[in-house]
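> Got a structure for you, query-v2.tsv, holding TSV, C-alpha atoms and all ligand atoms.
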```tsv
chain	number	residue	atom	x	y	z
A	24	MET	CA	-56.14	-118.10	73.55
A	25	LYS	CA	-57.37	-114.73	72.32
A	26	LYS	CA	-60.81	-113.92	73.71
A	27	HIS	CA	-63.43	-112.33	71.50
A	28	ASN	CA	-65.58	-110.29	73.86
A	29	PHE	CA	-69.20	-110.03	72.66
A	30	ASN	CA	-70.60	-109.13	76.08
A	31	ALA	CA	-73.68	-106.87	76.00
A	32	GLY	CA	-72.68	-104.76	78.99
A	33	PRO	CA	-70.51	-104.25	80.85
A	34	SER	CA	-68.58	-104.93	77.73
A	35	ILE	CA	-65.41	-104.59	75.73
A	36	LEU	CA	-63.28	-101.46	76.05
A	37	PRO	CA	-60.19	-100.51	74.05
A	38	ARG	CA	-57.15	-102.28	75.50
A	39	GLU	CA	-55.34	-98.98	75.97
A	40	VAL	CA	-58.24	-97.65	78.05
A	41	ILE	CA	-57.94	-100.60	80.42
A	42	GLU	CA	-54.16	-100.29	80.58
A	43	GLY	CA	-54.30	-96.51	81.04
A	44	THR	CA	-56.86	-96.86	83.83
A	45	ALA	CA	-54.80	-99.58	85.50
A	46	GLN	CA	-51.75	-97.32	85.34
A	47	ALA	CA	-53.64	-94.37	86.87
A	48	ILE	CA	-54.93	-96.61	89.63
A	49	LEU	CA	-51.32	-97.46	90.48
A	50	ASP	CA	-49.94	-93.95	90.03
A	51	PHE	CA	-52.04	-91.06	88.82
A	52	ASN	CA	-50.05	-88.59	86.70
A	53	GLY	CA	-46.79	-89.44	88.43
A	54	SER	CA	-48.20	-88.10	91.71
A	55	GLY	CA	-47.23	-91.19	93.69
A	56	LEU	CA	-50.93	-91.57	94.59
A	57	SER	CA	-53.63	-93.73	93.12
A	58	LEU	CA	-56.51	-92.25	91.15
A	59	MET	CA	-58.64	-93.98	93.79
A	60	GLU	CA	-57.10	-92.10	96.71
A	61	ILE	CA	-57.14	-88.48	95.58
A	62	SER	CA	-59.86	-85.89	96.08
A	63	HIS	CA	-62.20	-85.33	93.17
A	64	ARG	CA	-61.47	-81.67	93.84
A	65	ALA	CA	-57.71	-82.15	93.53
A	66	LYS	CA	-56.16	-79.83	90.97
A	67	ASP	CA	-55.08	-82.85	88.93
A	68	PHE	CA	-58.57	-84.27	88.65
A	69	GLN	CA	-60.51	-81.21	87.48
A	70	PRO	CA	-58.71	-81.31	84.09
A	71	VAL	CA	-59.96	-84.90	83.65
A	72	VAL	CA	-63.59	-83.79	83.89
A	73	ASP	CA	-62.94	-80.69	81.80
A	74	GLU	CA	-61.27	-82.64	79.01
A	75	ALA	CA	-63.96	-85.35	79.05
A	76	VAL	CA	-66.67	-82.68	78.70
A	77	ALA	CA	-64.71	-80.92	75.93
A	78	LEU	CA	-64.24	-84.18	74.02
A	79	PHE	CA	-67.94	-85.03	74.36
A	80	LYS	CA	-68.75	-81.66	72.81
A	81	GLU	CA	-66.14	-81.97	70.10
A	82	LEU	CA	-66.83	-85.57	69.07
A	83	LEU	CA	-70.62	-85.13	68.94
A	84	SER	CA	-70.50	-81.52	67.64
A	85	ILE	CA	-72.69	-80.49	70.57
A	86	PRO	CA	-73.99	-76.97	69.91
A	87	GLU	CA	-73.76	-74.02	72.33
A	88	GLY	CA	-76.34	-74.08	75.10
A	89	TYR	CA	-75.87	-77.72	76.12
A	90	SER	CA	-74.17	-79.13	79.20
A	91	VAL	CA	-72.50	-82.49	79.63
A	92	ILE	CA	-72.68	-83.96	83.12
A	93	PHE	CA	-71.49	-87.17	84.76
A	94	LEU	CA	-73.73	-88.76	87.38
A	95	GLY	CA	-74.20	-91.94	89.37
A	96	GLY	CA	-77.29	-94.13	89.34
A	97	GLY	CA	-77.07	-95.63	85.87
A	98	ALA	CA	-79.33	-95.02	82.91
A	99	SER	CA	-82.13	-96.43	85.06
A	100	LEU	CA	-82.08	-93.41	87.36
A	101	GLU	CA	-82.51	-91.16	84.31
A	102	PHE	CA	-85.82	-92.91	83.63
A	103	CYS	CA	-87.18	-90.89	86.55
A	104	MET	CA	-84.93	-87.83	86.28
A	105	ILE	CA	-86.14	-87.09	82.74
A	106	PRO	CA	-89.81	-86.72	83.70
A	107	PHE	CA	-88.89	-85.10	87.03
A	108	ASN	CA	-87.07	-82.35	85.15
A	109	PHE	CA	-88.99	-82.07	81.87
A	110	LEU	CA	-92.53	-83.43	82.21
A	111	GLU	CA	-94.97	-80.69	83.17
A	112	LYS	CA	-98.20	-82.04	81.66
A	113	LYS	CA	-97.74	-84.64	78.98
A	114	ALA	CA	-94.95	-86.67	77.38
A	115	ALA	CA	-94.80	-89.14	74.50
A	116	TYR	CA	-92.92	-92.43	74.69
A	117	LEU	CA	-91.98	-94.83	71.92
A	118	ASN	CA	-92.07	-98.36	73.32
A	119	THR	CA	-89.37	-100.36	71.58
A	120	GLY	CA	-88.26	-102.76	74.29
A	121	THR	CA	-87.52	-103.55	77.90
A	122	TRP	CA	-85.60	-100.33	78.64
A	123	ALA	CA	-88.07	-98.12	76.78
A	124	LYS	CA	-90.91	-99.66	78.77
A	125	LYS	CA	-89.12	-99.09	82.06
A	126	ALA	CA	-88.60	-95.43	81.14
A	127	LEU	CA	-92.29	-95.11	80.24
A	128	LYS	CA	-93.37	-96.65	83.53
A	129	GLU	CA	-91.43	-94.09	85.57
A	130	ALA	CA	-92.84	-91.17	83.60
A	131	LYS	CA	-96.40	-92.15	84.49
A	132	ALA	CA	-95.77	-90.99	88.04
A	133	PHE	CA	-95.22	-87.42	86.82
A	134	GLY	CA	-97.94	-86.64	84.29
A	135	GLN	CA	-99.87	-87.86	81.31
A	136	VAL	CA	-97.93	-90.32	79.19
A	137	VAL	CA	-98.86	-91.16	75.61
A	138	GLU	CA	-97.41	-94.38	74.24
A	139	VAL	CA	-97.18	-93.27	70.59
A	140	ALA	CA	-96.41	-96.76	69.32
A	141	SER	CA	-95.17	-100.12	70.53
A	142	SER	CA	-93.61	-103.18	68.97
A	143	ALA	CA	-94.48	-105.38	71.96
A	144	ASP	CA	-96.88	-107.28	69.63
A	145	ALA	CA	-93.91	-108.92	67.89
A	146	ASN	CA	-91.52	-109.28	70.84
A	147	TYR	CA	-89.98	-105.89	69.99
A	148	SER	CA	-88.42	-107.23	66.81
A	149	TYR	CA	-88.99	-104.01	64.87
A	150	ILE	CA	-89.10	-100.24	65.29
A	151	PRO	CA	-92.65	-98.85	64.86
A	152	LYS	CA	-93.08	-96.30	62.08
A	153	GLY	CA	-95.83	-94.02	60.83
A	154	TYR	CA	-97.08	-93.03	64.29
A	155	THR	CA	-98.04	-89.49	65.19
A	156	VAL	CA	-96.57	-87.58	68.07
A	157	PRO	CA	-99.03	-85.12	69.68
A	158	SER	CA	-97.69	-81.60	69.14
A	159	ASP	CA	-98.47	-80.54	72.73
A	160	VAL	CA	-96.15	-82.94	74.54
A	161	ASP	CA	-93.17	-81.71	76.54
A	162	TYR	CA	-90.93	-84.24	74.83
A	163	LEU	CA	-90.81	-87.55	72.96
A	164	HIS	CA	-88.71	-90.22	74.66
A	165	ILE	CA	-86.95	-92.83	72.55
A	166	THR	CA	-84.43	-95.60	73.07
A	167	THR	CA	-82.17	-95.36	70.04
A	168	ASN	CA	-80.66	-98.81	70.41
A	169	ASN	CA	-82.56	-101.68	71.98
A	170	THR	CA	-79.73	-103.64	73.52
A	171	ILE	CA	-81.84	-106.68	74.36
A	172	PHE	CA	-83.82	-107.06	71.13
A	173	GLY	CA	-81.22	-105.89	68.62
A	174	THR	CA	-83.11	-103.10	66.90
A	175	GLU	CA	-81.81	-99.60	66.40
A	176	ILE	CA	-82.88	-96.17	65.20
A	177	THR	CA	-79.74	-95.10	63.36
A	178	HIS	CA	-80.91	-91.62	62.35
A	179	ASP	CA	-82.24	-88.59	64.20
A	180	LEU	CA	-86.04	-88.65	64.07
A	181	ASP	CA	-87.86	-85.93	62.23
A	182	VAL	CA	-90.43	-84.77	64.77
A	183	SER	CA	-91.64	-81.33	65.78
A	184	VAL	CA	-91.18	-81.85	69.54
A	185	PRO	CA	-87.91	-82.06	71.46
A	186	ILE	CA	-86.52	-85.56	71.94
A	187	GLY	CA	-85.14	-87.21	75.05
A	188	ALA	CA	-83.04	-90.24	74.13
A	189	ASP	CA	-81.55	-93.20	75.93
A	190	MET	CA	-78.35	-93.80	73.96
A	191	SER	CA	-76.78	-96.16	76.49
A	192	SER	CA	-75.72	-98.72	73.94
A	193	ASP	CA	-75.05	-96.73	70.76
A	194	ILE	CA	-73.50	-93.47	71.93
A	195	PHE	CA	-70.44	-92.53	69.87
A	196	SER	CA	-71.29	-95.08	67.18
A	197	ARG	CA	-72.59	-92.45	64.76
A	198	PRO	CA	-72.87	-88.67	64.39
A	199	VAL	CA	-75.94	-87.21	66.14
A	200	ASP	CA	-77.76	-83.93	65.50
A	201	VAL	CA	-77.83	-82.95	69.17
A	202	SER	CA	-79.92	-79.85	68.45
A	203	LYS	CA	-82.99	-82.09	68.09
A	204	TYR	CA	-82.70	-83.33	71.67
A	205	ILE	CA	-83.37	-81.81	75.08
A	206	CYS	CA	-81.53	-84.67	76.67
A	207	ILE	CA	-79.33	-87.60	75.65
A	208	TYR	CA	-78.21	-90.00	78.35
A	209	GLY	CA	-76.80	-93.41	78.98
A	210	GLY	CA	-75.01	-95.74	81.31
A	211	ALA	CA	-71.34	-95.80	80.36
A	212	GLN	CA	-70.85	-99.54	80.55
A	213	LYS	CA	-71.86	-100.39	76.98
A	214	ASN	CA	-69.68	-98.24	74.79
A	215	LEU	CA	-67.72	-95.82	76.95
A	216	ALA	CA	-66.35	-96.87	80.32
A	217	PRO	CA	-66.70	-99.36	83.15
A	218	ALA	CA	-70.01	-99.32	85.05
A	219	GLY	CA	-70.58	-96.58	87.59
A	220	VAL	CA	-70.99	-93.40	85.58
A	221	THR	CA	-73.94	-92.07	83.61
A	222	PHE	CA	-73.45	-89.37	80.98
A	223	VAL	CA	-76.16	-86.78	80.36
A	224	ILE	CA	-76.16	-84.18	77.61
A	225	VAL	CA	-78.80	-81.63	78.52
A	226	LYS	CA	-80.18	-78.52	76.84
A	227	ASN	CA	-79.80	-75.74	79.38
A	228	GLU	CA	-82.83	-73.71	78.37
A	229	ALA	CA	-85.12	-76.73	78.76
A	230	LEU	CA	-84.34	-76.83	82.48
A	231	GLY	CA	-86.38	-75.09	85.16
A	232	LYS	CA	-89.67	-75.27	83.25
A	233	VAL	CA	-91.57	-77.62	85.54
A	234	SER	CA	-93.49	-76.36	88.55
A	235	ARG	CA	-92.79	-79.25	90.95
A	236	TYR	CA	-90.07	-79.39	93.57
A	237	ILE	CA	-87.18	-81.52	92.34
A	238	PRO	CA	-85.00	-83.13	95.03
A	239	THR	CA	-81.54	-81.59	94.86
A	240	MET	CA	-79.69	-84.68	93.65
A	241	LEU	CA	-82.31	-85.39	90.98
A	242	ASP	CA	-82.34	-81.86	89.61
A	243	TYR	CA	-80.13	-81.58	86.52
A	244	ARG	CA	-79.46	-77.94	87.42
A	245	THR	CA	-77.60	-79.03	90.55
A	246	HIS	CA	-75.10	-80.97	88.47
A	247	VAL	CA	-74.92	-78.48	85.61
A	248	ASP	CA	-74.26	-75.60	88.02
A	249	ASN	CA	-71.60	-77.56	89.89
A	250	GLY	CA	-69.84	-79.10	86.88
A	251	SER	CA	-70.64	-82.67	88.01
A	252	MET	CA	-68.94	-81.89	91.34
A	253	PHE	CA	-71.94	-81.26	93.61
A	254	ASN	CA	-71.04	-84.48	95.36
A	255	THR	CA	-68.28	-87.00	94.73
A	256	PRO	CA	-68.60	-88.20	91.14
A	257	PRO	CA	-67.49	-91.70	90.06
A	258	VAL	CA	-63.87	-90.72	89.59
A	259	VAL	CA	-62.42	-93.93	88.13
A	260	PRO	CA	-65.09	-94.53	85.45
A	261	ILE	CA	-64.91	-90.85	84.44
A	262	TYR	CA	-61.17	-91.24	83.94
A	263	SER	CA	-61.73	-94.36	81.80
A	264	ALA	CA	-64.38	-92.48	79.81
A	265	LEU	CA	-61.83	-89.77	79.10
A	266	LEU	CA	-59.37	-92.37	77.80
A	267	THR	CA	-62.11	-93.88	75.57
A	268	LEU	CA	-62.99	-90.43	74.22
A	269	ARG	CA	-59.33	-89.79	73.40
A	270	TRP	CA	-59.22	-93.18	71.70
A	271	ILE	CA	-62.32	-92.43	69.61
A	272	LYS	CA	-60.80	-89.13	68.53
A	273	ALA	CA	-57.49	-90.74	67.61
A	274	GLN	CA	-59.31	-93.39	65.56
A	275	GLY	CA	-61.04	-90.73	63.48
A	276	GLY	CA	-64.11	-89.75	65.51
A	277	VAL	CA	-67.72	-90.86	65.33
A	278	GLU	CA	-67.75	-90.95	61.52
A	279	GLU	CA	-65.04	-93.61	61.65
A	280	MET	CA	-66.86	-95.45	64.47
A	281	GLU	CA	-69.96	-95.51	62.27
A	282	ARG	CA	-68.02	-96.75	59.24
A	283	ARG	CA	-66.56	-99.59	61.32
A	284	ALA	CA	-69.93	-100.39	62.93
A	285	ILE	CA	-71.56	-100.73	59.51
A	286	GLU	CA	-68.68	-102.84	58.22
A	287	LYS	CA	-68.82	-105.22	61.19
A	288	ALA	CA	-72.63	-105.45	61.13
A	289	ASP	CA	-72.68	-106.12	57.37
A	290	LEU	CA	-70.13	-108.89	57.81
A	291	LEU	CA	-72.09	-110.67	60.54
A	292	TYR	CA	-75.61	-110.13	59.16
A	293	GLY	CA	-74.29	-111.28	55.78
A	294	GLU	CA	-73.28	-114.59	57.34
A	295	ILE	CA	-76.53	-114.93	59.33
A	296	ASP	CA	-78.49	-114.49	56.09
A	297	ARG	CA	-76.27	-116.80	54.06
A	298	ASN	CA	-75.79	-119.64	56.54
A	299	LYS	CA	-78.88	-121.87	56.60
A	300	LEU	CA	-78.30	-122.94	60.19
A	301	PHE	CA	-78.96	-119.44	61.54
A	302	THR	CA	-81.62	-116.79	61.26
A	303	GLY	CA	-81.80	-113.16	62.45
A	304	THR	CA	-84.53	-112.08	64.87
A	305	ALA	CA	-84.90	-108.35	64.11
A	306	ALA	CA	-86.71	-106.83	61.11
A	307	THR	CA	-84.05	-106.36	58.42
A	308	GLU	CA	-84.51	-102.60	58.10
A	309	ASP	CA	-84.29	-102.06	61.88
A	310	ARG	CA	-81.30	-104.27	62.62
A	311	SER	CA	-78.96	-102.95	65.27
A	312	ARG	CA	-75.31	-102.46	64.43
A	313	MET	CA	-74.44	-102.76	68.09
A	314	ASN	CA	-76.32	-105.86	69.29
A	315	ILE	CA	-76.75	-108.50	66.64
A	316	CYS	CA	-79.38	-111.06	67.65
A	317	PHE	CA	-79.80	-114.40	65.91
A	318	VAL	CA	-81.12	-117.89	66.64
A	319	MET	CA	-80.78	-121.35	65.13
A	320	ALA	CA	-83.06	-121.86	62.14
A	321	PRO	CA	-86.12	-123.93	63.26
A	322	GLU	CA	-84.88	-127.21	61.76
A	323	TYR	CA	-81.56	-126.88	63.64
A	324	LYS	CA	-83.03	-125.69	66.94
A	325	GLU	CA	-81.54	-128.54	68.97
A	326	LEU	CA	-78.00	-127.51	67.97
A	327	GLU	CA	-78.04	-124.27	69.97
A	328	ALA	CA	-76.01	-125.58	72.90
A	329	ASP	CA	-73.54	-127.23	70.51
A	330	PHE	CA	-72.89	-123.98	68.71
A	331	LEU	CA	-72.34	-122.11	71.96
A	332	LYS	CA	-69.90	-124.83	73.00
A	333	LEU	CA	-67.92	-124.56	69.76
A	334	ALA	CA	-67.91	-120.76	69.93
A	335	THR	CA	-66.66	-120.91	73.51
A	336	GLU	CA	-63.89	-123.28	72.42
A	337	ARG	CA	-62.91	-120.74	69.76
A	338	GLY	CA	-62.58	-117.98	72.37
A	339	MET	CA	-65.99	-116.29	71.97
A	340	VAL	CA	-67.38	-114.77	75.16
A	341	GLY	CA	-70.84	-113.37	75.92
A	342	LEU	CA	-72.68	-114.78	72.91
A	343	LYS	CA	-75.64	-116.26	74.75
A	344	GLY	CA	-78.78	-114.31	73.86
A	345	HIS	CA	-80.86	-112.46	76.43
A	346	ARG	CA	-83.59	-114.68	77.89
A	347	SER	CA	-86.32	-112.56	76.26
A	348	VAL	CA	-85.02	-113.42	72.77
A	349	GLY	CA	-83.04	-116.62	73.24
A	350	GLY	CA	-80.40	-117.84	70.83
A	351	PHE	CA	-77.39	-115.60	70.46
A	352	ARG	CA	-76.47	-111.96	70.75
A	353	ALA	CA	-73.19	-110.64	69.43
A	354	SER	CA	-72.61	-107.17	70.82
A	355	CYS	CA	-70.30	-105.31	68.45
A	356	TYR	CA	-69.46	-102.11	70.29
A	357	ASN	CA	-66.87	-99.60	69.14
A	358	ALA	CA	-63.94	-101.37	70.77
A	359	LEU	CA	-64.69	-104.75	69.19
A	360	SER	CA	-62.39	-105.39	66.26
A	361	LYS	CA	-63.46	-106.61	62.85
A	362	GLU	CA	-61.15	-109.59	63.46
A	363	SER	CA	-63.39	-110.72	66.32
A	364	VAL	CA	-66.46	-110.53	64.09
A	365	GLN	CA	-64.57	-112.46	61.41
A	366	ALA	CA	-63.65	-115.09	64.01
A	367	LEU	CA	-67.35	-115.51	64.81
A	368	VAL	CA	-68.23	-115.77	61.12
A	369	ASP	CA	-65.50	-118.41	60.68
A	370	CYS	CA	-66.94	-120.30	63.63
A	371	MET	CA	-70.45	-120.22	62.10
A	372	GLN	CA	-69.04	-121.58	58.84
A	373	GLU	CA	-67.13	-124.30	60.64
A	374	PHE	CA	-70.36	-125.27	62.41
A	375	GLU	CA	-72.22	-125.33	59.11
A	376	LYS	CA	-69.69	-127.76	57.64
A	377	LEU	CA	-70.14	-130.04	60.65
A	378	HIS	CA	-73.94	-130.08	60.60
A	379	ALA	CA	-75.55	-128.97	57.34
A	401	LIG	C1	-78.10	-101.26	79.85
A	401	LIG	C2	-79.15	-100.31	79.46
A	401	LIG	C3	-79.86	-99.56	80.41
A	401	LIG	C4	-79.66	-99.72	81.90
A	401	LIG	O1	-78.49	-99.12	82.28
A	401	LIG	P1	-78.07	-99.06	83.82
A	401	LIG	O2	-76.87	-98.15	83.75
A	401	LIG	O3	-77.75	-100.44	84.23
A	401	LIG	O4	-79.19	-98.48	84.59
A	401	LIG	C5	-80.79	-98.65	79.96
A	401	LIG	N1	-81.03	-98.48	78.66
A	401	LIG	C6	-80.37	-99.20	77.72
A	401	LIG	C7	-80.66	-98.94	76.27
A	401	LIG	C8	-79.41	-100.12	78.08
A	401	LIG	O5	-78.74	-100.82	77.16
```
Starting from the coordinates I provided, produce the structure as structure tokens.
Ligand SMILES: *Cc1c(COP(=O)(O)O)cnc(C)c1O

Amino acid sequence: MKKHNFNAGPSILPREVIEGTAQAILDFNGSGLSLMEISHRAKDFQPVVDEAVALFKELLSIPEGYSVIFLGGGASLEFCMIPFNFLEKKAAYLNTGTWAKKALKEAKAFGQVVEVASSADANYSYIPKGYTVPSDVDYLHITTNNTIFGTEITHDLDVSVPIGADMSSDIFSRPVDVSKYICIYGGAQKNLAPAGVTFVIVKNEALGKVSRYIPTMLDYRTHVDNGSMFNTPPVVPIYSALLTLRWIKAQGGVEEMERRAIEKADLLYGEIDRNKLFTGTAATEDRSRMNICFVMAPEYKELEADFLKLATERGMVGLKGHRSVGGFRASCYNALSKESVQALVDCMQEFEKLHA
């Protein structure tokens, strides 16, 4: 049976990325060696990093003066690297969920942290608006897509300070005005590659402004100056990322990814709103296109396990909601086809016929 992969992360990748990676693991570029058994400094591997960086810049229209680096440690390590590298006195954080809060917590070890707004009062079901960002902060940190709670900031904020953004789960799902950011980062395992690599887009002139000592491995300059080759980078996930970037380009770039994301999200939210058995959990205007959270309507609460069972029988994978929200979460990343979303909608309608 065809599987419909709604996993939140690690998550679905384009089939050709998986096949291309599998092929390179067996025989990299016809070298007779596996991608896993060559030096990261081999002459065949440098072009992989170079092309991945070039495609990052091309697909996101990254302006001059920015570097793209590939690191280990996950997005979670960036929660401390951002303040280590950019926080001299004071930083602002927008608290929109579990990941945002973890980033905020790390920053507190480095300087004064202003929580400009929080949606913790309503289980992070909305994106706060109308807050003011102090003009004297080193940066404002945001989480553009809240993977767990299903809310998303789908535009570049209009603020007068530079922005640092965790885009782990919505990178390459829309065009971004990179010039507004000093740093954009994310773990690859949501929308780009298998787990193991973290991408960081960093504004070069924002580096070297803090007075503290930064340990070598945690200093962005180390990795910028050495083209992600200061130490051994995660070779296999970087190769997969390259294949995903090529795939995005061939599909029509981030504009096309955004068009598809909107189309898929409209289809599923349309059904959630229409079908009286289900109800969405996020504020309508802040709904994520990437992670679509919904629960059983109160009068059908006891049917939750039954719906998951039916969905599983129909080939749906990864639909169980995160424990902090409950219910269901359908992650609709770039590689997920509209057919999979339609299959879920069909399943919800089948369930409605059985129970309503
Ligand atoms: C998954 C996720 C993280 C954590 O990523 P790791 O690579 O596991 O550290 C951080 N932020 C967001 C928005 C995420 O979705």
> Within 8 Å of ligand LIG 401 (chain A), which residues of chain A come that close, and what is the closest atom pair and distance in Å for each? Count only C-alpha atoms and all ligand atoms and give it as JSON lines.

```
{"residue": "A:Ala31", "atom": "CA", "partner": "A:LIG401", "partner_atom": "O5", "distance": 8.0}
{"residue": "A:Gly32", "atom": "CA", "partner": "A:LIG401", "partner_atom": "C1", "distance": 6.5}
{"residue": "A:Gly96", "atom": "CA", "partner": "A:LIG401", "partner_atom": "O4", "distance": 6.7}
{"residue": "A:Gly97", "atom": "CA", "partner": "A:LIG401", "partner_atom": "O2", "distance": 3.3}
{"residue": "A:Ala98", "atom": "CA", "partner": "A:LIG401", "partner_atom": "O4", "distance": 3.8}
{"residue": "A:Ser99", "atom": "CA", "partner": "A:LIG401", "partner_atom": "O4", "distance": 3.6}
{"residue": "A:Leu100", "atom": "CA", "partner": "A:LIG401", "partner_atom": "O4", "distance": 6.5}
{"residue": "A:Trp122", "atom": "CA", "partner": "A:LIG401", "partner_atom": "N1", "distance": 4.9}
{"residue": "A:Ala123", "atom": "CA", "partner": "A:LIG401", "partner_atom": "N1", "distance": 7.3}
{"residue": "A:Thr166", "atom": "CA", "partner": "A:LIG401", "partner_atom": "C7", "distance": 6.0}
{"residue": "A:Thr167", "atom": "CA", "partner": "A:LIG401", "partner_atom": "C7", "distance": 7.3}
{"residue": "A:Asn168", "atom": "CA", "partner": "A:LIG401", "partner_atom": "C7", "distance": 5.9}
{"residue": "A:Asn169", "atom": "CA", "partner": "A:LIG401", "partner_atom": "C7", "distance": 5.4}
{"residue": "A:Thr170", "atom": "CA", "partner": "A:LIG401", "partner_atom": "O5", "distance": 4.7}
{"residue": "A:Ile171", "atom": "CA", "partner": "A:LIG401", "partner_atom": "O5", "distance": 7.2}
{"residue": "A:Asp189", "atom": "CA", "partner": "A:LIG401", "partner_atom": "C7", "distance": 5.8}
{"residue": "A:Met190", "atom": "CA", "partner": "A:LIG401", "partner_atom": "C7", "distance": 6.1}
{"residue": "A:Ser191", "atom": "CA", "partner": "A:LIG401", "partner_atom": "C7", "distance": 4.8}
{"residue": "A:Ser192", "atom": "CA", "partner": "A:LIG401", "partner_atom": "O5", "distance": 4.9}
{"residue": "A:Gly209", "atom": "CA", "partner": "A:LIG401", "partner_atom": "N1", "distance": 6.6}
{"residue": "A:Gly210", "atom": "CA", "partner": "A:LIG401", "partner_atom": "O2", "distance": 3.9}
{"residue": "A:Ala211", "atom": "CA", "partner": "A:LIG401", "partner_atom": "O2", "distance": 6.9}
{"residue": "A:Gln212", "atom": "CA", "partner": "A:LIG401", "partner_atom": "O2", "distance": 7.0}
{"residue": "A:Lys213", "atom": "CA", "partner": "A:LIG401", "partner_atom": "O5", "distance": 6.9}
{"residue": "A:Ala218", "atom": "CA", "partner": "A:LIG401", "partner_atom": "O2", "distance": 7.1}
{"residue": "A:Gly219", "atom": "CA", "partner": "A:LIG401", "partner_atom": "O2", "distance": 7.5}
{"residue": "A:Val220", "atom": "CA", "partner": "A:LIG401", "partner_atom": "O2", "distance": 7.8}
{"residue": "A:Thr221", "atom": "CA", "partner": "A:LIG401", "partner_atom": "O2", "distance": 6.8}
```
> So how far away is CA of Leu117 (chain A) from CA of Ser141 (chain A), in Å?
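According to the coordinates, CA of Ser141 (chain A) and CA of Leu117 (chain A) are separated by 6.3 Å.
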> Give me, as a ChimeraX atom specification, all polymer residues having an atom no more than 8 Å from Ala284 (chain A), counting all atoms listed in the file and skipping those fewer than 2 positions away in the same chain.
/A:196,280-282,286-288,312-313,355-357
> Please provide as an NGL selection string all residues within 8 Å of region 37-41 of chain A, with the sequence filter that same-chain residues fewer than 2 positions apart are discarded (counting all atoms listed in the file).
:A and (35 or 43-45 or 263 or 266-267 or 270 or 358-359)
> Which residues are near Gly350 (chain A)? Cut-off 8 Å, only C-alpha atoms, ignore same chain within fewer than 3 positions. Put them as a short mmCIF file (atom, residue, chain, number, x, y, z; two decimals) with C-alpha atoms, in the frame of the given file.

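So the final result, stored in part.cif, reads:
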```cif
data_model
loop_
_atom_site.label_atom_id
_atom_site.label_comp_id
_atom_site.auth_asym_id
_atom_site.auth_seq_id
_atom_site.Cartn_x
_atom_site.Cartn_y
_atom_site.Cartn_z
CA CYS A 316 -79.38 -111.06 67.65
CA PHE A 317 -79.80 -114.40 65.91
CA VAL A 318 -81.12 -117.89 66.64
CA MET A 319 -80.78 -121.35 65.13
CA GLU A 327 -78.04 -124.27 69.97
CA LYS A 343 -75.64 -116.26 74.75
CA GLY A 344 -78.78 -114.31 73.86
CA HIS A 345 -80.86 -112.46 76.43
#
```
> Considering only C-alpha atoms, state which residue in the set A:Arg310, A:Gly120, A:Asn108, A:Asn214 is at the smallest distance from Leu268 (chain A).
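For Leu268 (chain A), the nearest of the given residues is A:Asn214.
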> Can you work out which one of A:Asp179, A:Gly187, A:Val340, A:Thr119 has the shortest atom-to-atom distance to Ala145 (chain A), counting all atoms listed in the file?
A:Thr119
> Rounded to one decimal, what separation in Å do you get between CA of Cys103 (chain A) and CA of Ala130 (chain A)?
6.4 Å
> Enter the distance from CA of Ile176 (chain A) to CA of Ser311 (chain A), in Å, rounded to one decimal.
7.8 Å
> Taking into account all atoms listed in the file, which residue in the set A:Leu367, A:Ile61, A:Ala188, A:Ile207 is nearest to Ile85 (chain A)?
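Closest to Ile85 (chain A) of all the choices is A:Ile207.
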